[in-house]
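Data from start-v8.cif: mmCIF, C-alpha atoms
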```
data_structure
loop_
_atom_site.label_atom_id
_atom_site.label_comp_id
_atom_site.auth_asym_id
_atom_site.auth_seq_id
_atom_site.Cartn_x
_atom_site.Cartn_y
_atom_site.Cartn_z
CA MET A 1 -1.72 -47.91 -94.33
CA GLY A 2 -3.96 -50.89 -94.77
CA ALA A 3 -7.65 -50.92 -95.37
CA SER A 4 -10.05 -52.10 -92.73
CA ARG A 5 -11.06 -55.71 -93.17
CA SER A 6 -14.64 -55.27 -92.10
CA VAL A 7 -17.16 -54.62 -94.83
CA ILE A 8 -19.49 -52.72 -92.54
CA VAL A 9 -16.86 -50.16 -91.59
CA VAL A 10 -15.82 -49.49 -95.18
CA LEU A 11 -19.38 -49.19 -96.43
CA VAL A 12 -20.61 -46.91 -93.67
CA SER A 13 -17.65 -44.57 -93.96
CA ARG A 14 -18.16 -44.30 -97.71
CA LEU A 15 -21.80 -43.41 -97.07
CA VAL A 16 -21.11 -40.89 -94.31
CA ALA A 17 -18.22 -38.96 -95.89
CA PRO A 18 -20.34 -36.94 -98.38
CA LEU A 19 -22.75 -36.02 -95.58
CA ILE A 20 -19.85 -34.65 -93.52
CA GLN A 21 -18.77 -32.60 -96.53
CA ILE A 22 -22.24 -31.13 -96.98
CA PHE A 23 -22.30 -30.21 -93.31
CA SER A 24 -18.91 -28.55 -93.58
CA PHE A 25 -20.07 -26.42 -96.52
CA TYR A 26 -23.06 -25.42 -94.40
CA VAL A 27 -20.74 -24.38 -91.58
CA ILE A 28 -18.52 -22.30 -93.88
CA PHE A 29 -21.32 -20.50 -95.70
CA HIS A 30 -23.38 -19.87 -92.58
CA GLY A 31 -20.50 -18.15 -90.86
CA HIS A 32 -22.43 -14.94 -91.42
CA TYR A 33 -25.55 -15.94 -89.57
CA SER A 34 -24.60 -18.49 -86.91
CA PRO A 35 -21.40 -19.69 -85.22
CA GLY A 36 -19.06 -21.05 -87.83
CA GLY A 37 -16.70 -19.68 -90.41
CA GLY A 38 -13.60 -20.60 -92.31
CA PHE A 39 -11.46 -22.42 -89.76
CA GLN A 40 -14.21 -24.66 -88.44
CA GLY A 41 -15.47 -25.66 -91.89
CA GLY A 42 -11.96 -26.36 -93.13
CA ALA A 43 -11.31 -28.72 -90.23
CA LEU A 44 -14.56 -30.57 -90.96
CA LEU A 45 -13.67 -30.95 -94.63
CA ALA A 46 -10.29 -32.38 -93.66
CA ALA A 47 -12.01 -34.77 -91.24
CA SER A 48 -14.17 -36.24 -94.00
CA ILE A 49 -11.16 -37.03 -96.20
CA LEU A 50 -9.18 -38.39 -93.26
CA LEU A 51 -12.03 -40.76 -92.42
CA LEU A 52 -11.70 -42.23 -95.90
CA ARG A 53 -7.93 -42.47 -95.58
CA LEU A 54 -8.20 -44.36 -92.32
CA THR A 55 -10.85 -46.89 -93.30
CA CYS A 56 -10.41 -47.49 -97.00
CA GLY A 57 -6.64 -47.55 -97.11
CA ARG A 58 -4.18 -45.16 -98.63
CA GLU A 59 -4.26 -46.29 -102.26
CA GLU A 60 -8.00 -46.58 -102.52
CA SER A 61 -8.69 -43.09 -101.20
CA GLN A 62 -6.28 -41.39 -103.60
CA LYS A 63 -9.23 -41.24 -105.96
CA ASN A 64 -10.97 -38.92 -103.50
CA PHE A 65 -8.10 -36.56 -102.85
CA ARG A 66 -4.67 -37.08 -104.36
CA SER A 67 -1.79 -36.65 -101.98
CA ASP A 68 0.10 -34.21 -104.13
CA LEU A 69 -2.91 -31.91 -104.46
CA GLY A 70 -2.59 -30.92 -100.84
CA LEU A 71 0.41 -28.64 -101.24
CA MET A 72 -1.06 -26.98 -104.30
CA LEU A 73 -4.45 -26.04 -102.83
CA GLY A 74 -3.10 -24.66 -99.58
CA PRO A 75 -1.03 -21.81 -101.01
CA LEU A 76 -3.87 -21.20 -103.49
CA GLY A 77 -6.20 -20.37 -100.62
CA ALA A 78 -3.68 -18.05 -98.97
CA MET A 79 -2.95 -16.34 -102.25
CA THR A 80 -6.66 -15.72 -102.82
CA PHE A 81 -6.76 -13.96 -99.48
CA LEU A 82 -3.75 -11.80 -100.44
CA VAL A 83 -5.14 -10.98 -103.87
CA VAL A 84 -8.48 -9.94 -102.38
CA GLY A 85 -6.59 -7.67 -100.03
CA LEU A 86 -4.43 -6.20 -102.76
CA ILE A 87 -7.36 -5.46 -105.06
CA MET A 88 -8.68 -3.08 -102.43
CA ILE A 89 -5.61 -0.88 -102.81
CA SER A 90 -7.13 0.47 -106.02
CA GLY A 91 -9.67 2.47 -104.03
CA GLY A 92 -8.47 2.63 -100.45
CA SER A 93 -5.99 0.83 -98.24
CA PHE A 94 -4.93 -2.81 -97.99
CA LEU A 95 -7.76 -5.16 -96.87
CA ASP A 96 -10.32 -2.36 -96.81
CA TYR A 97 -13.25 -4.25 -98.25
CA GLN A 98 -15.48 -1.44 -99.36
CA HIS A 99 -13.61 -0.73 -102.58
CA THR A 100 -14.38 -4.06 -104.24
CA PRO A 101 -14.52 -3.45 -108.01
CA LEU A 102 -18.07 -4.75 -108.37
CA LEU A 103 -21.33 -3.18 -109.39
CA ARG A 104 -22.02 -0.22 -107.21
CA LEU A 105 -23.62 -1.84 -104.19
CA GLU A 106 -23.55 -0.06 -100.89
CA PRO A 107 -20.35 -0.47 -98.83
CA ALA A 108 -21.98 -2.80 -96.28
CA GLN A 109 -22.99 -5.31 -98.95
CA MET A 110 -19.54 -5.20 -100.53
CA ARG A 111 -17.96 -5.95 -97.19
CA SER A 112 -20.27 -8.87 -96.65
CA PHE A 113 -19.36 -10.33 -100.05
CA ALA A 114 -15.63 -9.93 -99.51
CA ILE A 115 -15.87 -11.55 -96.06
CA LEU A 116 -17.51 -14.57 -97.71
CA ILE A 117 -14.71 -14.92 -100.27
CA VAL A 118 -12.11 -14.67 -97.53
CA GLU A 119 -13.82 -17.33 -95.42
CA VAL A 120 -13.94 -19.81 -98.32
CA ALA A 121 -10.24 -19.19 -99.03
CA ILE A 122 -9.35 -19.81 -95.38
CA GLY A 123 -11.38 -23.05 -95.34
CA LEU A 124 -9.58 -24.31 -98.41
CA ALA A 125 -6.15 -23.51 -97.02
CA VAL A 126 -6.83 -25.16 -93.66
CA MET A 127 -8.24 -28.30 -95.29
CA ALA A 128 -5.29 -28.72 -97.64
CA THR A 129 -2.74 -28.21 -94.88
CA LEU A 130 -4.33 -30.66 -92.46
CA ILE A 131 -4.58 -33.40 -95.10
CA SER A 132 -1.00 -32.85 -96.23
CA ILE A 133 0.29 -33.05 -92.64
CA PHE A 134 -1.48 -36.38 -92.23
CA ASP A 135 -0.13 -37.69 -95.53
CA ASN A 136 3.42 -36.77 -94.67
CA LEU A 137 3.25 -38.36 -91.25
CA SER A 138 1.80 -41.62 -92.50
CA ALA A 139 3.51 -42.19 -95.82
CA PRO A 140 5.39 -45.48 -96.12
CA SER A 141 9.08 -44.99 -95.56
CA ARG A 142 11.39 -45.66 -98.42
CA LYS A 143 13.68 -48.63 -98.00
CA GLU A 144 16.99 -46.92 -98.64
CA ASP A 145 20.04 -46.50 -96.52
CA SER A 146 19.65 -43.45 -94.27
CA SER A 147 21.76 -40.47 -95.25
CA MET B 148 14.81 -35.70 -58.69
CA ARG B 149 11.25 -36.90 -59.01
CA VAL B 150 10.46 -35.76 -55.45
CA PHE B 151 11.60 -32.29 -56.44
CA THR B 152 9.28 -32.36 -59.47
CA TYR B 153 6.35 -33.48 -57.30
CA LEU B 154 7.04 -30.60 -54.92
CA VAL B 155 7.17 -28.09 -57.78
CA VAL B 156 3.85 -29.30 -59.19
CA ALA B 157 2.17 -29.27 -55.78
CA SER B 158 3.33 -25.75 -54.98
CA PHE B 159 2.25 -24.56 -58.43
CA VAL B 160 -1.23 -25.99 -57.83
CA ALA B 161 -1.46 -24.31 -54.43
CA LEU B 162 -0.34 -21.00 -55.91
CA LEU B 163 -2.94 -21.23 -58.69
CA VAL B 164 -5.77 -22.02 -56.26
CA TYR B 165 -4.78 -19.05 -54.14
CA ALA B 166 -4.61 -16.82 -57.22
CA SER B 167 -7.97 -17.95 -58.53
CA LEU B 168 -9.65 -16.71 -55.37
CA GLY B 169 -8.72 -13.20 -56.43
CA LEU B 170 -10.39 -13.44 -59.80
CA PRO B 171 -13.89 -11.99 -60.16
CA GLY B 172 -16.61 -14.61 -59.91
CA ARG B 173 -17.79 -16.17 -63.12
CA GLY B 174 -20.40 -14.05 -64.83
CA GLU B 175 -20.28 -11.03 -62.54
CA VAL B 176 -21.56 -7.98 -64.33
CA ASP B 177 -19.05 -5.54 -62.88
CA ALA B 178 -15.91 -7.46 -63.81
CA PRO B 179 -13.23 -5.40 -65.61
CA LEU B 180 -13.69 -7.62 -68.68
CA HIS B 181 -17.20 -6.36 -69.25
CA ARG B 182 -16.49 -2.71 -68.81
CA GLU B 183 -18.10 -0.54 -71.44
CA GLU B 184 -16.04 2.59 -71.28
CA SER B 185 -12.37 2.90 -70.62
CA ILE B 186 -11.02 5.12 -67.88
CA ALA B 187 -10.65 8.01 -70.30
CA GLY B 188 -14.28 7.87 -71.36
CA THR B 189 -13.81 6.45 -74.85
CA PRO B 190 -15.61 3.24 -75.79
CA VAL B 191 -13.76 -0.01 -75.24
CA ALA B 192 -12.96 -2.12 -78.34
CA ALA B 193 -15.75 -4.60 -77.60
CA THR B 194 -18.47 -1.91 -77.39
CA PHE B 195 -17.22 -0.28 -80.58
CA TYR B 196 -17.34 -3.57 -82.45
CA THR B 197 -20.77 -4.50 -81.11
CA ARG B 198 -22.24 -1.16 -82.03
CA LYS B 199 -20.81 -0.83 -85.51
CA ALA B 200 -20.51 -4.40 -86.84
CA PHE B 201 -24.01 -4.85 -88.22
CA SER B 202 -24.23 -1.46 -89.87
CA ASP B 203 -20.73 -1.73 -91.36
CA ALA B 204 -20.87 -5.21 -92.83
CA ALA B 205 -24.53 -6.36 -93.02
CA THR B 206 -23.60 -9.56 -91.20
CA PRO B 207 -25.31 -10.67 -88.00
CA ASN B 208 -22.37 -12.62 -86.60
CA PHE B 209 -20.05 -10.24 -84.76
CA VAL B 210 -17.26 -12.76 -84.34
CA THR B 211 -16.91 -13.32 -88.09
CA VAL B 212 -16.91 -9.61 -88.79
CA ILE B 213 -14.19 -9.01 -86.20
CA LEU B 214 -12.12 -11.93 -87.46
CA ALA B 215 -12.33 -11.13 -91.16
CA ASP B 216 -12.88 -7.39 -91.34
CA TYR B 217 -11.72 -5.42 -88.33
CA ARG B 218 -8.82 -7.76 -87.52
CA GLY B 219 -8.33 -9.25 -90.96
CA PHE B 220 -4.58 -8.73 -90.92
CA ASP B 221 -4.22 -11.10 -87.99
CA THR B 222 -6.25 -13.70 -89.85
CA LEU B 223 -3.94 -13.35 -92.84
CA GLY B 224 -0.96 -14.03 -90.59
CA GLU B 225 -2.83 -16.96 -89.07
CA THR B 226 -3.33 -18.61 -92.45
CA LEU B 227 0.35 -18.16 -93.24
CA VAL B 228 1.24 -19.79 -89.90
CA VAL B 229 -0.82 -22.87 -90.75
CA LEU B 230 0.78 -23.11 -94.18
CA THR B 231 4.26 -22.76 -92.71
CA ALA B 232 3.56 -25.59 -90.29
CA GLY B 233 2.50 -27.84 -93.16
CA ILE B 234 5.59 -27.05 -95.21
CA ALA B 235 7.91 -27.47 -92.25
CA CYS B 236 6.38 -30.87 -91.56
CA LEU B 237 7.22 -31.86 -95.11
CA LEU B 238 10.81 -30.67 -94.82
CA ILE B 239 11.52 -32.24 -91.41
CA LEU B 240 10.59 -35.68 -92.64
CA GLY B 241 12.79 -35.37 -95.69
CA ARG B 242 10.23 -36.08 -98.36
CA ALA B 243 10.66 -34.09 -101.51
CA PRO B 244 7.37 -32.42 -102.49
CA MET C 245 -19.43 -20.52 -49.27
CA ASP C 246 -20.39 -17.77 -51.60
CA SER C 247 -16.84 -17.48 -52.88
CA ILE C 248 -16.71 -21.22 -53.57
CA HIS C 249 -19.93 -20.98 -55.56
CA ALA C 250 -18.49 -18.12 -57.59
CA HIS C 251 -15.09 -19.68 -58.20
CA TYR C 252 -15.62 -23.40 -58.71
CA PRO C 253 -15.57 -23.24 -62.55
CA TYR C 254 -12.02 -21.99 -62.37
CA TRP C 255 -11.08 -24.99 -60.24
CA VAL C 256 -12.51 -27.43 -62.77
CA VAL C 257 -10.32 -25.95 -65.48
CA LEU C 258 -7.45 -25.95 -63.03
CA THR C 259 -7.83 -29.73 -62.72
CA LEU C 260 -7.36 -30.12 -66.46
CA LEU C 261 -4.35 -27.83 -66.36
CA VAL C 262 -2.73 -29.85 -63.59
CA ILE C 263 -3.36 -33.12 -65.46
CA GLY C 264 -1.64 -31.66 -68.51
CA LEU C 265 1.27 -30.33 -66.46
CA TRP C 266 1.64 -33.71 -64.72
CA GLY C 267 1.81 -35.46 -68.07
CA MET C 268 4.39 -33.05 -69.45
CA LEU C 269 6.75 -33.18 -66.48
CA LEU C 270 6.44 -36.57 -64.91
CA LYS C 271 5.97 -39.08 -67.69
CA GLY C 272 8.95 -40.69 -69.37
CA ASN C 273 7.63 -41.37 -72.84
CA LEU C 274 7.89 -38.50 -75.31
CA MET C 275 4.49 -39.25 -76.82
CA LYS C 276 2.85 -38.82 -73.42
CA LYS C 277 4.51 -35.44 -73.11
CA VAL C 278 2.95 -34.35 -76.39
CA VAL C 279 -0.47 -35.48 -75.18
CA GLY C 280 0.07 -33.58 -71.94
CA MET C 281 0.87 -30.45 -73.92
CA THR C 282 -2.39 -30.80 -75.85
CA ILE C 283 -4.40 -31.16 -72.64
CA PHE C 284 -2.66 -28.10 -71.17
CA GLN C 285 -3.52 -26.03 -74.19
CA SER C 286 -7.17 -27.11 -74.11
CA ALA C 287 -7.34 -26.07 -70.47
CA ILE C 288 -6.04 -22.58 -71.28
CA ILE C 289 -8.54 -22.11 -74.10
CA LEU C 290 -11.42 -23.26 -71.89
CA PHE C 291 -10.31 -20.86 -69.17
CA PHE C 292 -10.53 -17.89 -71.50
CA ILE C 293 -13.90 -18.90 -72.85
CA LEU C 294 -15.52 -19.60 -69.50
CA SER C 295 -14.40 -16.31 -68.05
CA ALA C 296 -16.02 -14.38 -70.89
CA TYR C 297 -19.55 -15.04 -69.68
CA LYS C 298 -21.83 -12.36 -68.31
CA VAL C 299 -25.08 -12.89 -66.44
CA GLY C 300 -27.89 -11.48 -68.59
CA GLY C 301 -25.88 -11.37 -71.80
CA THR C 302 -26.60 -13.35 -74.92
CA VAL C 303 -24.65 -14.82 -77.82
CA PRO C 304 -22.74 -12.20 -79.87
CA ILE C 305 -25.00 -12.55 -82.90
CA TYR C 306 -27.21 -9.66 -83.88
CA ASP C 307 -30.75 -10.13 -82.63
CA GLU C 308 -33.44 -7.89 -84.02
CA ALA C 309 -35.42 -7.94 -80.83
CA LEU C 310 -32.47 -6.56 -78.86
CA GLY C 311 -30.80 -4.15 -81.26
CA VAL C 312 -27.35 -2.68 -80.79
CA GLY C 313 -28.24 0.45 -78.85
CA ASP C 314 -27.31 -1.19 -75.56
CA PRO C 315 -24.09 -3.23 -75.93
CA SER C 316 -24.30 -4.61 -72.42
CA LEU C 317 -26.85 -7.16 -73.59
CA TYR C 318 -24.24 -9.08 -75.59
CA ILE C 319 -21.23 -10.83 -74.15
CA ASN C 320 -17.78 -9.70 -75.13
CA PRO C 321 -16.92 -11.17 -78.55
CA LEU C 322 -13.19 -10.58 -78.38
CA PRO C 323 -12.03 -13.61 -76.30
CA HIS C 324 -13.89 -15.99 -78.61
CA THR C 325 -12.18 -14.50 -81.64
CA LEU C 326 -8.74 -14.77 -80.10
CA MET C 327 -9.31 -18.37 -79.07
CA LEU C 328 -10.09 -19.36 -82.66
CA THR C 329 -6.59 -18.27 -83.55
CA ALA C 330 -5.19 -20.13 -80.56
CA ILE C 331 -6.85 -23.40 -81.55
CA VAL C 332 -5.42 -23.22 -85.04
CA VAL C 333 -1.94 -22.52 -83.72
CA GLY C 334 -2.30 -25.53 -81.44
CA VAL C 335 -3.09 -27.80 -84.35
CA ALA C 336 0.02 -26.62 -86.16
CA ILE C 337 2.19 -27.25 -83.09
CA VAL C 338 0.90 -30.80 -82.64
CA GLY C 339 1.63 -31.59 -86.30
CA GLU C 340 5.20 -30.35 -85.91
CA ALA C 341 5.74 -32.24 -82.66
CA LEU C 342 4.63 -35.52 -84.21
CA ALA C 343 6.93 -35.03 -87.19
CA LEU C 344 9.86 -34.43 -84.83
CA LEU C 345 8.97 -37.57 -82.89
CA ILE C 346 9.08 -39.64 -86.07
CA VAL C 347 12.56 -38.35 -86.87
CA ILE C 348 13.76 -39.03 -83.32
CA TYR C 349 12.47 -42.58 -83.51
CA ARG C 350 14.17 -43.12 -86.85
CA THR C 351 17.51 -41.88 -85.56
CA TYR C 352 17.68 -43.37 -82.08
CA GLY C 353 15.21 -46.23 -82.14
CA THR C 354 13.42 -45.35 -78.93
CA LEU C 355 10.98 -42.83 -77.50
CA GLU C 356 11.62 -43.33 -73.79
CA GLU C 357 13.43 -40.42 -72.28
CA PRO C 358 16.06 -42.11 -70.01
CA VAL C 359 17.09 -44.52 -72.76
CA LEU C 360 17.22 -41.62 -75.21
CA VAL C 361 19.52 -39.58 -73.01
CA GLU C 362 21.80 -42.60 -72.71
CA ARG C 363 21.93 -43.15 -76.43
CA MET C 364 22.62 -39.53 -77.16
CA LYS C 365 25.91 -39.60 -75.27
#
```
Starting from the coordinates I provided, produce the structure as structure tokens.
Amino acid sequence: MGASRSVIVVLVSRLVAPLIQIFSFYVIFHGHYSPGGGFQGGALLAASILLLRLTCGREESQKNFRSDLGLMLGPLGAMTFLVVGLIMISGGSFLDYQHTPLLRLEPAQMRSFAILIVEVAIGLAVMATLISIFDNLSAPSRKEDSS
Amino acid sequence: MRVFTYLVVASFVALLVYASLGLPGRGEVDAPLHREESIAGTPVAATFYTRKAFSDAATPNFVTVILADYRGFDTLGETLVVLTAGIACLLILGRAP
Amino acid sequence: MDSIHAHYPYWVVLTLLVIGLWGMLLKGNLMKKVVGMTIFQSAIILFFILSAYKVGGTVPIYDEALGVGDPSLYINPLPHTLMLTAIVVGVAIVGEALALLIVIYRTYGTLEEPVLVERMK
């Protein structure tokens, strides 16, 4: 995947990509107060990295997000979700957020905190999976005889 | 063969236009979707969630509370579906991870 | 006339659905079929979301001026939640379909359907 030959395109995309990432963090963390949440913010995070992959070339943008990190971060996000659910078994049932082993806040605040953790985990998993799908589809094919 | 496909598509369109005339108008207040109590008198799922979401989870956004708290198990399955799609993509193309 | 005024949003979404169905059935290239499937799925999601509107209802976010004593002031939040799941499933399906297309191209050398059926014999 070659880099774009125009200096303007490369420069502007390198300027805009951190702004897209800030906006995606805003969307994830404001899922409590306005439309947003984990899935939307994860897609925006993936979009910022894919912009760099498309304009700066594949080798140059490995410094931003290495290709083999994708399949490590995705299951990490899903496992965080599962662990958060399993911790709740110590007080109540699976995924019942009011038994978080924190300081004794009231149950409503504990649920709000656990929803935030779950949303961040979902955003991470969605971002890693979308980037790894793109990397697999666009990797250069190896020049070997087909099996 | 293509004439047959054109006929199938045209009849499907006609059937859908006829069926959409039986739907309630957009935004009507007395549509079955916006009912507040079921036939038996118990509150419908949507009224229960709207009434209890803010006092249960201290979060103004009802959609996030439903997605991550009341129906969190479905969201867990959803995340696993996305991961499975990514892994299957890797395996179909034959690249070793 | 009144029924046309009440039902024309459904017909707009129906146009998108028919465009997607046309692309899936009547185009020869496999890539165009995948694009048609994406358009079809967008039409279904839009249909659910546009039918979840209620005159006099507001966004399902808690508003202190309205309170939760009267739940008929908020629109139904359930279709929006279900459509989030549907969008994510759609993304996964498109990724899989494109991976399958790459493998088909590698094996048979073409993506046109009549030529493909010939080469598969």
Target residues per the PyMOL selection byres ((chain A) within 6 of (chain B)), formatted as a PyMOL selection string: chain A and resi 32-33+108+111-112+129+133
What does the file look like for those residues with C-alpha atoms, as a PDB file, keeping the file's coordinate frame?
```pdb
ATOM      1  CA  HIS A  32     -22.430 -14.940 -91.420  1.00  0.00           C
ATOM      2  CA  TYR A  33     -25.550 -15.940 -89.570  1.00  0.00           C
ATOM      3  CA  ALA A 108     -21.980  -2.800 -96.280  1.00  0.00           C
ATOM      4  CA  ARG A 111     -17.960  -5.950 -97.190  1.00  0.00           C
ATOM      5  CA  SER A 112     -20.270  -8.870 -96.650  1.00  0.00           C
ATOM      6  CA  THR A 129      -2.740 -28.210 -94.880  1.00  0.00           C
ATOM      7  CA  ILE A 133       0.290 -33.050 -92.640  1.00  0.00           C
TER       8      ILE A 133
END
```
Explicit residue set for the PyMOL selection byres ((chain C) within 12 of (chain A)), as a PyMOL selection string: chain C and resi 303-307+321+324-325+327-333+335-347+350-351
12 Å contact set for C:Leu294, only C-alpha atoms, chain neighbours under 4 positions out, as a list of chain:residue names: B:Gly172, B:Arg173, B:Gly174, C:His251, C:Tyr252, C:Pro253, C:Tyr254, C:Trp255, C:Val256, C:Val257, C:Ala287, C:Ile288, C:Ile289, C:Leu290, C:Lys298, C:Ile319, C:Asn320, C:Pro323, C:His324, C:Met327
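Within the file as shown, the PyMOL selection byres ((chain A and resi 3) around 6) identifies Gly2, Ser4, Thr55, Cys56 and Gly57 of chain A.
For the set B:Val150, B:Ala161, B:Val176, B:Val191, the residue with the smallest atom-to-atom gap to chain C is B:Val176, counting all atoms listed in the file.
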